[in-house]
file protein-v3.txt (compact mmCIF, N, CA and C atoms)
# COMPACT_ATOMS: atom_id res chain seq x y z
N MET A 4 57.52 3.50 17.78
CA MET A 4 56.65 3.64 18.92
C MET A 4 57.40 4.26 20.10
N ARG A 5 58.62 3.78 20.31
CA ARG A 5 59.40 4.33 21.41
C ARG A 5 59.59 5.84 21.22
N HIS A 6 59.80 6.28 20.01
CA HIS A 6 59.97 7.69 19.68
C HIS A 6 58.72 8.49 20.09
N LYS A 7 57.54 7.90 19.84
CA LYS A 7 56.29 8.57 20.20
C LYS A 7 56.14 8.67 21.71
N ILE A 8 56.54 7.68 22.45
CA ILE A 8 56.47 7.70 23.92
C ILE A 8 57.38 8.79 24.48
N ILE A 9 58.57 8.90 23.95
CA ILE A 9 59.51 9.93 24.41
C ILE A 9 58.93 11.32 24.12
N LYS A 10 58.37 11.51 22.93
CA LYS A 10 57.75 12.79 22.57
C LYS A 10 56.61 13.11 23.53
N PHE A 11 55.77 12.10 23.83
CA PHE A 11 54.66 12.31 24.75
C PHE A 11 55.16 12.70 26.13
N ALA A 12 56.18 12.01 26.62
CA ALA A 12 56.75 12.30 27.94
C ALA A 12 57.32 13.71 27.97
N GLU A 13 58.00 14.11 26.92
CA GLU A 13 58.57 15.45 26.87
C GLU A 13 57.46 16.51 26.86
N SER A 14 56.41 16.28 26.09
CA SER A 14 55.32 17.27 26.03
C SER A 14 54.58 17.34 27.36
N THR A 15 54.40 16.21 28.04
CA THR A 15 53.75 16.20 29.34
C THR A 15 54.60 16.95 30.35
N SER A 16 55.88 16.74 30.31
CA SER A 16 56.81 17.43 31.20
C SER A 16 56.75 18.94 30.98
N ILE A 17 56.69 19.34 29.72
CA ILE A 17 56.59 20.76 29.40
C ILE A 17 55.27 21.31 29.89
N MET A 18 54.20 20.53 29.74
CA MET A 18 52.90 20.99 30.20
C MET A 18 52.89 21.15 31.72
N ASN A 19 53.47 20.18 32.44
CA ASN A 19 53.56 20.29 33.89
C ASN A 19 54.36 21.52 34.28
N PHE A 20 55.45 21.74 33.58
CA PHE A 20 56.26 22.91 33.86
C PHE A 20 55.46 24.19 33.61
N SER A 21 54.69 24.20 32.54
CA SER A 21 53.89 25.37 32.21
C SER A 21 52.80 25.60 33.25
N MET A 22 52.13 24.55 33.70
CA MET A 22 51.10 24.68 34.72
C MET A 22 51.73 25.15 36.04
N HIS A 23 52.90 24.59 36.36
CA HIS A 23 53.60 25.01 37.57
C HIS A 23 53.95 26.49 37.48
N SER A 24 54.45 26.92 36.35
CA SER A 24 54.77 28.33 36.14
C SER A 24 53.52 29.19 36.22
N PHE A 25 52.42 28.71 35.65
CA PHE A 25 51.17 29.45 35.69
C PHE A 25 50.71 29.65 37.14
N TYR A 26 50.79 28.60 37.95
CA TYR A 26 50.38 28.71 39.36
C TYR A 26 51.29 29.69 40.11
N LYS A 27 52.59 29.61 39.86
CA LYS A 27 53.51 30.55 40.51
C LYS A 27 53.20 31.99 40.10
N PHE A 28 52.97 32.19 38.80
CA PHE A 28 52.66 33.51 38.30
C PHE A 28 51.36 34.04 38.92
N SER A 29 50.35 33.17 39.01
CA SER A 29 49.07 33.57 39.60
C SER A 29 49.24 33.96 41.06
N LEU A 30 50.02 33.21 41.79
CA LEU A 30 50.27 33.50 43.20
C LEU A 30 50.99 34.83 43.35
N ILE A 31 52.00 35.05 42.54
CA ILE A 31 52.75 36.31 42.59
C ILE A 31 51.83 37.49 42.25
N LEU A 32 50.99 37.32 41.25
CA LEU A 32 50.06 38.37 40.86
C LEU A 32 49.08 38.67 41.99
N LEU A 33 48.53 37.65 42.62
CA LEU A 33 47.60 37.82 43.72
C LEU A 33 48.27 38.55 44.88
N LEU A 34 49.47 38.14 45.23
CA LEU A 34 50.20 38.80 46.32
C LEU A 34 50.50 40.26 46.00
N SER A 35 50.83 40.55 44.77
CA SER A 35 51.13 41.95 44.42
C SER A 35 49.88 42.82 44.52
N PHE A 36 48.70 42.29 44.11
CA PHE A 36 47.47 43.06 44.25
C PHE A 36 47.14 43.28 45.72
N THR A 37 47.30 42.25 46.53
CA THR A 37 47.04 42.36 47.97
C THR A 37 47.97 43.38 48.60
N THR A 38 49.24 43.32 48.26
CA THR A 38 50.22 44.25 48.81
C THR A 38 49.91 45.67 48.39
N SER A 39 49.57 45.89 47.12
CA SER A 39 49.28 47.25 46.68
C SER A 39 48.01 47.77 47.35
N PHE A 40 47.03 46.89 47.64
CA PHE A 40 45.84 47.33 48.36
C PHE A 40 46.22 47.77 49.77
N LEU A 41 47.11 47.02 50.43
CA LEU A 41 47.54 47.41 51.76
C LEU A 41 48.29 48.73 51.75
N PHE A 42 49.16 48.94 50.76
CA PHE A 42 49.88 50.20 50.66
C PHE A 42 48.92 51.33 50.36
N ALA A 43 47.89 51.05 49.58
CA ALA A 43 46.88 52.07 49.28
C ALA A 43 46.17 52.49 50.55
N GLN A 44 45.91 51.52 51.45
CA GLN A 44 45.29 51.85 52.73
C GLN A 44 46.18 52.81 53.50
N GLU A 45 47.45 52.50 53.57
CA GLU A 45 48.36 53.37 54.32
C GLU A 45 48.41 54.76 53.71
N SER A 46 48.44 54.84 52.41
CA SER A 46 48.55 56.16 51.80
C SER A 46 47.26 56.95 51.97
N VAL A 47 46.10 56.31 51.94
CA VAL A 47 44.84 57.03 52.11
C VAL A 47 44.74 57.61 53.51
N ASP A 48 45.05 56.83 54.53
CA ASP A 48 44.95 57.39 55.88
C ASP A 48 45.99 58.49 56.10
N GLN A 49 47.15 58.37 55.48
CA GLN A 49 48.14 59.44 55.58
C GLN A 49 47.66 60.70 54.88
N LYS A 50 47.02 60.54 53.72
CA LYS A 50 46.49 61.70 52.99
C LYS A 50 45.36 62.36 53.77
N ILE A 51 44.53 61.57 54.44
CA ILE A 51 43.47 62.13 55.28
C ILE A 51 44.08 62.91 56.43
N ASN A 52 45.10 62.33 57.07
CA ASN A 52 45.77 63.03 58.16
C ASN A 52 46.37 64.35 57.68
N ASP A 53 47.00 64.33 56.52
CA ASP A 53 47.59 65.56 55.97
C ASP A 53 46.52 66.61 55.70
N ALA A 54 45.38 66.20 55.15
CA ALA A 54 44.30 67.14 54.86
C ALA A 54 43.76 67.76 56.14
N ILE A 55 43.60 66.95 57.19
CA ILE A 55 43.11 67.47 58.47
C ILE A 55 44.16 68.42 59.07
N GLN A 56 45.41 68.02 59.03
CA GLN A 56 46.48 68.84 59.58
C GLN A 56 46.56 70.20 58.87
N LYS A 57 46.27 70.21 57.57
CA LYS A 57 46.29 71.46 56.80
C LYS A 57 44.95 72.19 56.87
N ALA A 58 43.95 71.59 57.53
CA ALA A 58 42.60 72.14 57.60
C ALA A 58 42.05 72.39 56.19
N ASP A 59 42.24 71.43 55.32
CA ASP A 59 41.85 71.54 53.91
C ASP A 59 40.65 70.63 53.64
N ALA A 60 39.46 71.21 53.74
CA ALA A 60 38.22 70.44 53.55
C ALA A 60 38.08 69.94 52.12
N SER A 61 38.52 70.73 51.16
CA SER A 61 38.42 70.30 49.75
C SER A 61 39.29 69.07 49.49
N LEU A 62 40.50 69.09 50.01
CA LEU A 62 41.39 67.93 49.87
C LEU A 62 40.80 66.72 50.59
N LEU A 63 40.27 66.94 51.77
CA LEU A 63 39.67 65.86 52.55
C LEU A 63 38.49 65.24 51.81
N SER A 64 37.74 66.07 51.08
CA SER A 64 36.55 65.56 50.38
C SER A 64 36.89 64.55 49.29
N LYS A 65 38.12 64.59 48.78
CA LYS A 65 38.54 63.62 47.76
C LYS A 65 38.50 62.19 48.27
N TYR A 66 38.58 62.02 49.58
CA TYR A 66 38.64 60.68 50.18
C TYR A 66 37.31 60.28 50.82
N MET A 67 36.30 61.14 50.74
CA MET A 67 35.00 60.87 51.36
C MET A 67 34.15 59.95 50.49
N ALA A 68 33.32 59.17 51.17
CA ALA A 68 32.27 58.42 50.49
C ALA A 68 31.21 59.44 50.06
N ASN A 69 30.27 59.02 49.24
CA ASN A 69 29.22 59.95 48.79
C ASN A 69 28.38 60.47 49.95
N THR A 70 28.20 59.65 50.97
CA THR A 70 27.52 60.06 52.20
C THR A 70 28.46 59.76 53.36
N ILE A 71 28.58 60.71 54.27
CA ILE A 71 29.51 60.55 55.39
C ILE A 71 28.79 60.89 56.70
N GLU A 72 29.09 60.12 57.73
CA GLU A 72 28.60 60.42 59.06
C GLU A 72 29.59 61.40 59.68
N LEU A 73 29.12 62.62 59.91
CA LEU A 73 30.00 63.70 60.38
C LEU A 73 29.51 64.21 61.71
N SER A 74 30.43 64.38 62.65
CA SER A 74 30.09 64.92 63.96
C SER A 74 31.05 66.06 64.28
N LEU A 75 30.48 67.27 64.30
CA LEU A 75 31.21 68.48 64.65
C LEU A 75 30.44 69.17 65.77
N PRO A 76 31.08 70.02 66.54
CA PRO A 76 30.32 70.76 67.56
C PRO A 76 29.19 71.55 66.89
N GLY A 77 27.94 71.24 67.26
CA GLY A 77 26.79 71.94 66.69
C GLY A 77 26.22 71.30 65.43
N ASN A 78 26.91 70.37 64.84
CA ASN A 78 26.44 69.69 63.62
C ASN A 78 26.77 68.21 63.69
N GLU A 79 25.73 67.41 63.62
CA GLU A 79 25.93 65.97 63.68
C GLU A 79 24.90 65.28 62.82
N GLY A 80 25.36 64.34 61.99
CA GLY A 80 24.42 63.60 61.16
C GLY A 80 25.08 63.01 59.94
N ASN A 81 24.25 62.49 59.04
CA ASN A 81 24.72 61.96 57.77
C ASN A 81 24.57 63.05 56.72
N PHE A 82 25.66 63.33 56.02
CA PHE A 82 25.68 64.42 55.06
C PHE A 82 26.24 63.94 53.73
N SER A 83 25.84 64.62 52.67
CA SER A 83 26.46 64.35 51.37
C SER A 83 27.90 64.86 51.43
N LYS A 84 28.69 64.42 50.48
CA LYS A 84 30.08 64.86 50.41
C LYS A 84 30.16 66.39 50.33
N LYS A 85 29.29 66.98 49.52
CA LYS A 85 29.29 68.44 49.33
C LYS A 85 28.91 69.16 50.62
N GLN A 86 27.86 68.69 51.30
CA GLN A 86 27.43 69.30 52.56
C GLN A 86 28.53 69.18 53.62
N ALA A 87 29.13 67.99 53.71
CA ALA A 87 30.19 67.76 54.69
C ALA A 87 31.38 68.67 54.43
N THR A 88 31.71 68.88 53.17
CA THR A 88 32.83 69.75 52.82
C THR A 88 32.57 71.18 53.28
N ILE A 89 31.35 71.67 53.08
CA ILE A 89 30.99 73.04 53.50
C ILE A 89 31.06 73.15 55.03
N LEU A 90 30.52 72.16 55.73
CA LEU A 90 30.57 72.17 57.20
C LEU A 90 32.00 72.12 57.71
N LEU A 91 32.83 71.30 57.09
CA LEU A 91 34.24 71.21 57.50
C LEU A 91 35.01 72.49 57.20
N GLN A 92 34.71 73.14 56.08
CA GLN A 92 35.36 74.42 55.77
C GLN A 92 35.08 75.43 56.88
N SER A 93 33.83 75.48 57.31
CA SER A 93 33.43 76.39 58.39
C SER A 93 34.12 76.02 59.71
N PHE A 94 34.13 74.72 60.01
CA PHE A 94 34.80 74.25 61.24
C PHE A 94 36.28 74.61 61.23
N PHE A 95 36.96 74.32 60.13
CA PHE A 95 38.39 74.60 60.03
C PHE A 95 38.67 76.11 60.09
N LYS A 96 37.78 76.91 59.51
CA LYS A 96 37.95 78.38 59.56
C LYS A 96 37.85 78.88 61.00
N ASP A 97 36.87 78.34 61.75
CA ASP A 97 36.67 78.75 63.14
C ASP A 97 37.68 78.12 64.09
N ASN A 98 38.29 77.01 63.67
CA ASN A 98 39.22 76.26 64.53
C ASN A 98 40.49 75.88 63.78
N PRO A 99 41.30 76.86 63.39
CA PRO A 99 42.53 76.51 62.67
C PRO A 99 43.47 75.68 63.55
N PRO A 100 44.16 74.73 62.96
CA PRO A 100 44.99 73.83 63.77
C PRO A 100 46.30 74.48 64.24
N LYS A 101 46.63 74.17 65.48
CA LYS A 101 47.96 74.51 65.99
C LYS A 101 48.85 73.28 65.95
N ASN A 102 48.20 72.13 66.14
CA ASN A 102 48.93 70.86 66.16
C ASN A 102 47.95 69.73 65.84
N PHE A 103 48.49 68.67 65.29
CA PHE A 103 47.68 67.50 64.98
C PHE A 103 48.53 66.27 65.24
N LYS A 104 48.02 65.36 66.07
CA LYS A 104 48.77 64.15 66.43
C LYS A 104 47.91 62.91 66.23
N VAL A 105 48.49 61.91 65.63
CA VAL A 105 47.84 60.61 65.53
C VAL A 105 48.17 59.86 66.81
N LYS A 106 47.14 59.46 67.54
CA LYS A 106 47.32 58.73 68.80
C LYS A 106 47.30 57.22 68.60
N HIS A 107 46.44 56.79 67.69
CA HIS A 107 46.32 55.35 67.44
C HIS A 107 45.67 55.13 66.08
N LYS A 108 46.14 54.12 65.36
CA LYS A 108 45.48 53.75 64.11
C LYS A 108 45.56 52.25 63.95
N GLY A 109 44.65 51.73 63.15
CA GLY A 109 44.65 50.28 62.95
C GLY A 109 43.65 49.85 61.91
N THR A 110 43.49 48.53 61.82
CA THR A 110 42.57 47.93 60.86
C THR A 110 41.65 46.99 61.63
N SER A 111 40.39 46.99 61.24
CA SER A 111 39.44 46.09 61.88
C SER A 111 39.37 44.79 61.09
N ASN A 112 38.56 43.86 61.57
CA ASN A 112 38.45 42.54 60.93
C ASN A 112 37.94 42.61 59.50
N ASP A 113 37.15 43.64 59.17
CA ASP A 113 36.62 43.75 57.80
C ASP A 113 37.50 44.65 56.92
N ASP A 114 38.75 44.84 57.32
CA ASP A 114 39.74 45.65 56.59
C ASP A 114 39.43 47.14 56.57
N SER A 115 38.53 47.59 57.44
CA SER A 115 38.31 49.02 57.61
C SER A 115 39.53 49.60 58.31
N VAL A 116 39.82 50.85 58.00
CA VAL A 116 40.95 51.54 58.62
C VAL A 116 40.38 52.62 59.54
N TYR A 117 40.88 52.68 60.77
CA TYR A 117 40.42 53.71 61.70
C TYR A 117 41.62 54.46 62.27
N CYS A 118 41.36 55.66 62.72
CA CYS A 118 42.43 56.48 63.27
C CYS A 118 41.85 57.37 64.38
N ILE A 119 42.55 57.43 65.50
CA ILE A 119 42.19 58.29 66.62
C ILE A 119 43.29 59.33 66.76
N CYS A 120 42.90 60.60 66.74
CA CYS A 120 43.88 61.68 66.71
C CYS A 120 43.49 62.78 67.70
N GLU A 121 44.39 63.75 67.86
CA GLU A 121 44.09 64.98 68.59
C GLU A 121 44.33 66.15 67.66
N TYR A 122 43.32 67.00 67.54
CA TYR A 122 43.36 68.19 66.70
C TYR A 122 43.38 69.37 67.67
N GLU A 123 44.53 70.02 67.78
CA GLU A 123 44.69 71.10 68.75
C GLU A 123 44.50 72.45 68.06
N THR A 124 43.70 73.31 68.69
CA THR A 124 43.45 74.67 68.20
C THR A 124 43.73 75.65 69.34
N SER A 125 43.60 76.93 69.04
CA SER A 125 43.80 77.93 70.10
C SER A 125 42.66 77.90 71.11
N THR A 126 41.52 77.32 70.74
CA THR A 126 40.37 77.26 71.65
C THR A 126 40.28 75.94 72.41
N GLY A 127 41.15 75.00 72.12
CA GLY A 127 41.12 73.73 72.82
C GLY A 127 41.56 72.57 71.95
N ILE A 128 41.40 71.39 72.51
CA ILE A 128 41.79 70.16 71.82
C ILE A 128 40.53 69.37 71.47
N PHE A 129 40.51 68.85 70.24
CA PHE A 129 39.42 68.01 69.78
C PHE A 129 39.93 66.59 69.59
N ARG A 130 39.22 65.66 70.21
CA ARG A 130 39.52 64.25 69.94
C ARG A 130 38.90 63.95 68.58
N THR A 131 39.72 63.47 67.66
CA THR A 131 39.28 63.25 66.29
C THR A 131 39.34 61.76 65.99
N TYR A 132 38.29 61.29 65.37
CA TYR A 132 38.20 59.88 65.01
C TYR A 132 37.67 59.79 63.58
N TYR A 133 38.25 58.90 62.79
CA TYR A 133 37.68 58.63 61.48
C TYR A 133 37.77 57.16 61.13
N LEU A 134 36.88 56.77 60.22
CA LEU A 134 36.77 55.39 59.78
C LEU A 134 36.68 55.35 58.25
N CYS A 135 37.52 54.53 57.64
CA CYS A 135 37.50 54.33 56.19
C CYS A 135 37.17 52.87 55.91
N SER A 136 36.34 52.66 54.90
CA SER A 136 36.00 51.31 54.46
C SER A 136 36.13 51.22 52.95
N ALA A 137 36.31 50.01 52.47
CA ALA A 137 36.45 49.80 51.03
C ALA A 137 35.11 49.98 50.35
N GLN A 138 35.13 50.74 49.26
CA GLN A 138 33.96 50.95 48.42
C GLN A 138 34.42 50.85 46.97
N ASN A 139 33.96 49.84 46.27
CA ASN A 139 34.39 49.60 44.88
C ASN A 139 35.91 49.48 44.77
N GLY A 140 36.51 48.80 45.74
CA GLY A 140 37.96 48.56 45.70
C GLY A 140 38.80 49.74 46.17
N GLU A 141 38.16 50.83 46.60
CA GLU A 141 38.88 52.00 47.09
C GLU A 141 38.49 52.29 48.52
N LEU A 142 39.45 52.74 49.33
CA LEU A 142 39.12 53.14 50.69
C LEU A 142 38.48 54.52 50.67
N LYS A 143 37.34 54.64 51.35
CA LYS A 143 36.62 55.91 51.41
C LYS A 143 36.32 56.26 52.86
N LEU A 144 36.33 57.54 53.14
CA LEU A 144 36.05 58.06 54.48
C LEU A 144 34.54 58.02 54.70
N PHE A 145 34.09 57.22 55.68
CA PHE A 145 32.67 57.06 55.95
C PHE A 145 32.23 57.77 57.23
N GLN A 146 33.18 57.98 58.14
CA GLN A 146 32.82 58.58 59.42
C GLN A 146 33.95 59.49 59.87
N LEU A 147 33.58 60.68 60.35
CA LEU A 147 34.57 61.65 60.85
C LEU A 147 33.96 62.39 62.02
N THR A 148 34.69 62.41 63.13
CA THR A 148 34.19 63.01 64.36
C THR A 148 35.23 63.94 64.97
N PHE A 149 34.80 65.13 65.38
CA PHE A 149 35.61 66.06 66.16
C PHE A 149 34.86 66.34 67.44
N ASN A 150 35.33 65.83 68.58
CA ASN A 150 34.72 66.06 69.88
C ASN A 150 35.68 66.88 70.74
N LYS A 151 35.18 68.00 71.26
CA LYS A 151 36.02 68.85 72.11
C LYS A 151 36.26 68.16 73.44
N LYS A 152 37.52 68.15 73.87
CA LYS A 152 37.88 67.51 75.15
C LYS A 152 37.44 68.35 76.31

call {"tool": "encode", "arguments": {"input": "protein-v3.txt", "output": "structure tokens"}}
result
Amino acid sequence: MRHKIIKFAESTSIMNFSMHSFYKFSLILLLSFTTSFLFAQESVDQKINDAIQKADASLLSKYMANTIELSLPGNEGNFSKKQATILLQSFFKDNPPKNFKVKHKGTSNDDSVYCICEYETSTGIFRTYYLCSAQNGELKLFQLTFNKK
């Protein structure tokens, strides 16, 4: 009987160790997913900035939601990704960048990422604002504004 008690104690100890290990593993896994989501946010806003700086509407469209709120001089409204890309190609052609500066960026309470920038051209400076929100686990560009100063 004593032998059976020792065996039971050993198996219970192993089970506790296994459950403890499982909880640690689960926590580590959760933290790694959270961290990679945060890094993904940083890389998406950097890629958007690069696309704007290069005046590359096609590259920018890779990060757009299916419908985007777009505000350009003379064009304002909700557009499909394809329509927005055409409008941005025209805007970038008429207003090639001389300089592009990020003035402020951050995250809102709902984990949306926003960025306020200056897009400088030979015809003037545009205050640029964009907003990205999570859609199916991916950050997508939902709003983009170019307002001439």

call {"tool": "residues_around", "arguments": {"input": "protein-v3.txt", "residues": "stretch 70-82 of chain A", "least_positions_apart": "5", "cutoff": "7 Å", "atoms": "only N, CA and C atoms", "output": "ChimeraX atom specification"}}
result
/A:87,144-151

call {"tool": "atom_distance", "arguments": {"input": "protein-v3.txt", "atom1": "atom CA of A:Lys106", "atom2": "atom CA of A:Gly140"}}
result
26.9 Å

call {"tool": "select_by_dssp", "arguments": {"input": "protein-v3.txt", "residues": "stretch 48-128 of chain A", "states": "strand (DSSP E)", "output": "PDB file with N, CA and C atoms, in the frame of the given file"}}
result
ATOM      1  N   MET A  67      36.300  61.140  50.740  1.00  0.00           N
ATOM      2  CA  MET A  67      35.000  60.870  51.360  1.00  0.00           C
ATOM      3  C   MET A  67      34.150  59.950  50.490  1.00  0.00           C
ATOM      4  N   ALA A  68      33.320  59.170  51.170  1.00  0.00           N
ATOM      5  CA  ALA A  68      32.270  58.420  50.490  1.00  0.00           C
ATOM      6  C   ALA A  68      31.210  59.440  50.060  1.00  0.00           C
ATOM      7  N   ASN A  69      30.270  59.020  49.240  1.00  0.00           N
ATOM      8  CA  ASN A  69      29.220  59.950  48.790  1.00  0.00           C
ATOM      9  C   ASN A  69      28.380  60.470  49.950  1.00  0.00           C
ATOM     10  N   THR A  70      28.200  59.650  50.970  1.00  0.00           N
ATOM     11  CA  THR A  70      27.520  60.060  52.200  1.00  0.00           C
ATOM     12  C   THR A  70      28.460  59.760  53.360  1.00  0.00           C
ATOM     13  N   ILE A  71      28.580  60.710  54.270  1.00  0.00           N
ATOM     14  CA  ILE A  71      29.510  60.550  55.390  1.00  0.00           C
ATOM     15  C   ILE A  71      28.790  60.890  56.700  1.00  0.00           C
ATOM     16  N   GLU A  72      29.090  60.120  57.730  1.00  0.00           N
ATOM     17  CA  GLU A  72      28.600  60.420  59.060  1.00  0.00           C
ATOM     18  C   GLU A  72      29.590  61.400  59.680  1.00  0.00           C
ATOM     19  N   LEU A  73      29.120  62.620  59.910  1.00  0.00           N
ATOM     20  CA  LEU A  73      30.000  63.700  60.380  1.00  0.00           C
ATOM     21  C   LEU A  73      29.510  64.210  61.710  1.00  0.00           C
ATOM     22  N   SER A  74      30.430  64.380  62.650  1.00  0.00           N
ATOM     23  CA  SER A  74      30.090  64.920  63.960  1.00  0.00           C
ATOM     24  C   SER A  74      31.050  66.060  64.280  1.00  0.00           C
ATOM     25  N   LEU A  75      30.480  67.270  64.300  1.00  0.00           N
ATOM     26  CA  LEU A  75      31.210  68.480  64.650  1.00  0.00           C
ATOM     27  C   LEU A  75      30.440  69.170  65.770  1.00  0.00           C
ATOM     28  N   ASN A  78      26.910  70.370  64.840  1.00  0.00           N
ATOM     29  CA  ASN A  78      26.440  69.690  63.620  1.00  0.00           C
ATOM     30  C   ASN A  78      26.770  68.210  63.690  1.00  0.00           C
ATOM     31  N   GLU A  79      25.730  67.410  63.620  1.00  0.00           N
ATOM     32  CA  GLU A  79      25.930  65.970  63.680  1.00  0.00           C
ATOM     33  C   GLU A  79      24.900  65.280  62.820  1.00  0.00           C
ATOM     34  N   GLY A  80      25.360  64.340  61.990  1.00  0.00           N
ATOM     35  CA  GLY A  80      24.420  63.600  61.160  1.00  0.00           C
ATOM     36  C   GLY A  80      25.080  63.010  59.940  1.00  0.00           C
ATOM     37  N   ASN A  81      24.250  62.490  59.040  1.00  0.00           N
ATOM     38  CA  ASN A  81      24.720  61.960  57.770  1.00  0.00           C
ATOM     39  C   ASN A  81      24.570  63.050  56.720  1.00  0.00           C
ATOM     40  N   PHE A  82      25.660  63.330  56.020  1.00  0.00           N
ATOM     41  CA  PHE A  82      25.680  64.420  55.060  1.00  0.00           C
ATOM     42  C   PHE A  82      26.240  63.940  53.730  1.00  0.00           C
ATOM     43  N   SER A  83      25.840  64.620  52.670  1.00  0.00           N
ATOM     44  CA  SER A  83      26.460  64.350  51.370  1.00  0.00           C
ATOM     45  C   SER A  83      27.900  64.860  51.430  1.00  0.00           C
ATOM     46  N   PRO A 100      44.160  74.730  62.960  1.00  0.00           N
ATOM     47  CA  PRO A 100      44.990  73.830  63.770  1.00  0.00           C
ATOM     48  C   PRO A 100      46.300  74.480  64.240  1.00  0.00           C
ATOM     49  N   LYS A 101      46.630  74.170  65.480  1.00  0.00           N
ATOM     50  CA  LYS A 101      47.960  74.510  65.990  1.00  0.00           C
ATOM     51  C   LYS A 101      48.850  73.280  65.950  1.00  0.00           C
ATOM     52  N   ASN A 102      48.200  72.130  66.140  1.00  0.00           N
ATOM     53  CA  ASN A 102      48.930  70.860  66.160  1.00  0.00           C
ATOM     54  C   ASN A 102      47.950  69.730  65.840  1.00  0.00           C
ATOM     55  N   PHE A 103      48.490  68.670  65.290  1.00  0.00           N
ATOM     56  CA  PHE A 103      47.680  67.500  64.980  1.00  0.00           C
ATOM     57  C   PHE A 103      48.530  66.270  65.240  1.00  0.00           C
ATOM     58  N   LYS A 104      48.020  65.360  66.070  1.00  0.00           N
ATOM     59  CA  LYS A 104      48.770  64.150  66.430  1.00  0.00           C
ATOM     60  C   LYS A 104      47.910  62.910  66.230  1.00  0.00           C
ATOM     61  N   VAL A 105      48.490  61.910  65.630  1.00  0.00           N
ATOM     62  CA  VAL A 105      47.840  60.610  65.530  1.00  0.00           C
ATOM     63  C   VAL A 105      48.170  59.860  66.810  1.00  0.00           C
ATOM     64  N   LYS A 106      47.140  59.460  67.540  1.00  0.00           N
ATOM     65  CA  LYS A 106      47.320  58.730  68.800  1.00  0.00           C
ATOM     66  C   LYS A 106      47.300  57.220  68.600  1.00  0.00           C
ATOM     67  N   HIS A 107      46.440  56.790  67.690  1.00  0.00           N
ATOM     68  CA  HIS A 107      46.320  55.350  67.440  1.00  0.00           C
ATOM     69  C   HIS A 107      45.670  55.130  66.080  1.00  0.00           C
ATOM     70  N   LYS A 108      46.140  54.120  65.360  1.00  0.00           N
ATOM     71  CA  LYS A 108      45.480  53.750  64.110  1.00  0.00           C
ATOM     72  C   LYS A 108      45.560  52.250  63.950  1.00  0.00           C
ATOM     73  N   GLY A 109      44.650  51.730  63.150  1.00  0.00           N
ATOM     74  CA  GLY A 109      44.650  50.280  62.950  1.00  0.00           C
ATOM     75  C   GLY A 109      43.650  49.850  61.910  1.00  0.00           C
ATOM     76  N   THR A 110      43.490  48.530  61.820  1.00  0.00           N
ATOM     77  CA  THR A 110      42.570  47.930  60.860  1.00  0.00           C
ATOM     78  C   THR A 110      41.650  46.990  61.630  1.00  0.00           C
ATOM     79  N   VAL A 116      39.820  50.850  58.000  1.00  0.00           N
ATOM     80  CA  VAL A 116      40.950  51.540  58.620  1.00  0.00           C
ATOM     81  C   VAL A 116      40.380  52.620  59.540  1.00  0.00           C
ATOM     82  N   TYR A 117      40.880  52.680  60.770  1.00  0.00           N
ATOM     83  CA  TYR A 117      40.420  53.710  61.700  1.00  0.00           C
ATOM     84  C   TYR A 117      41.620  54.460  62.270  1.00  0.00           C
ATOM     85  N   CYS A 118      41.360  55.660  62.720  1.00  0.00           N
ATOM     86  CA  CYS A 118      42.430  56.480  63.270  1.00  0.00           C
ATOM     87  C   CYS A 118      41.850  57.370  64.380  1.00  0.00           C
ATOM     88  N   ILE A 119      42.550  57.430  65.500  1.00  0.00           N
ATOM     89  CA  ILE A 119      42.190  58.290  66.620  1.00  0.00           C
ATOM     90  C   ILE A 119      43.290  59.330  66.760  1.00  0.00           C
ATOM     91  N   CYS A 120      42.900  60.600  66.740  1.00  0.00           N
ATOM     92  CA  CYS A 120      43.880  61.680  66.710  1.00  0.00           C
ATOM     93  C   CYS A 120      43.490  62.780  67.700  1.00  0.00           C
ATOM     94  N   GLU A 121      44.390  63.750  67.860  1.00  0.00           N
ATOM     95  CA  GLU A 121      44.090  64.980  68.590  1.00  0.00           C
ATOM     96  C   GLU A 121      44.330  66.150  67.660  1.00  0.00           C
ATOM     97  N   TYR A 122      43.320  67.000  67.540  1.00  0.00           N
ATOM     98  CA  TYR A 122      43.360  68.190  66.700  1.00  0.00           C
ATOM     99  C   TYR A 122      43.380  69.370  67.670  1.00  0.00           C
ATOM    100  N   GLU A 123      44.530  70.020  67.780  1.00  0.00           N
ATOM    101  CA  GLU A 123      44.690  71.100  68.750  1.00  0.00           C
ATOM    102  C   GLU A 123      44.500  72.450  68.060  1.00  0.00           C
ATOM    103  N   THR A 124      43.700  73.310  68.690  1.00  0.00           N
ATOM    104  CA  THR A 124      43.450  74.670  68.200  1.00  0.00           C
ATOM    105  C   THR A 124      43.730  75.650  69.340  1.00  0.00           C
ATOM    106  N   GLY A 127      41.150  75.000  72.120  1.00  0.00           N
ATOM    107  CA  GLY A 127      41.120  73.730  72.820  1.00  0.00           C
ATOM    108  C   GLY A 127      41.560  72.570  71.950  1.00  0.00           C
ATOM    109  N   ILE A 128      41.400  71.390  72.510  1.00  0.00           N
ATOM    110  CA  ILE A 128      41.790  70.160  71.820  1.00  0.00           C
ATOM    111  C   ILE A 128      40.530  69.370  71.470  1.00  0.00           C
TER     112      ILE A 128
END

call {"tool": "atom_distance", "arguments": {"input": "protein-v3.txt", "atom1": "atom C of A:Gln92", "atom2": "atom N of A:Cys135"}}
result
21.1 Å

call {"tool": "closest_residue", "arguments": {"input": "protein-v3.txt", "among": "A:Cys120, A:Met67, A:Lys96, A:Lys101", "to": "A:Ser83", "atoms": "only C-alpha atoms"}}
result
A:Met67

call {"tool": "atom_distance", "arguments": {"input": "protein-v3.txt", "atom1": "atom CA of A:Ala137", "atom2": "atom CA of A:Ser93"}}
result
27.8 Å

call {"tool": "residues_around", "arguments": {"input": "protein-v3.txt", "residues": "stretch 51-62 of chain A", "least_positions_apart": "5", "cutoff": "6 Å", "atoms": "all atoms listed in the file", "output": "ChimeraX atom specification"}}
result
/A:46,88,91-92,95,103

call {"tool": "residues_around", "arguments": {"input": "protein-v3.txt", "residues": "A:Ser111", "least_positions_apart": "6", "cutoff": "10 Å", "atoms": "only C-alpha atoms", "output": "MDAnalysis selection string"}}
result
chainID A and resid 117 134 136
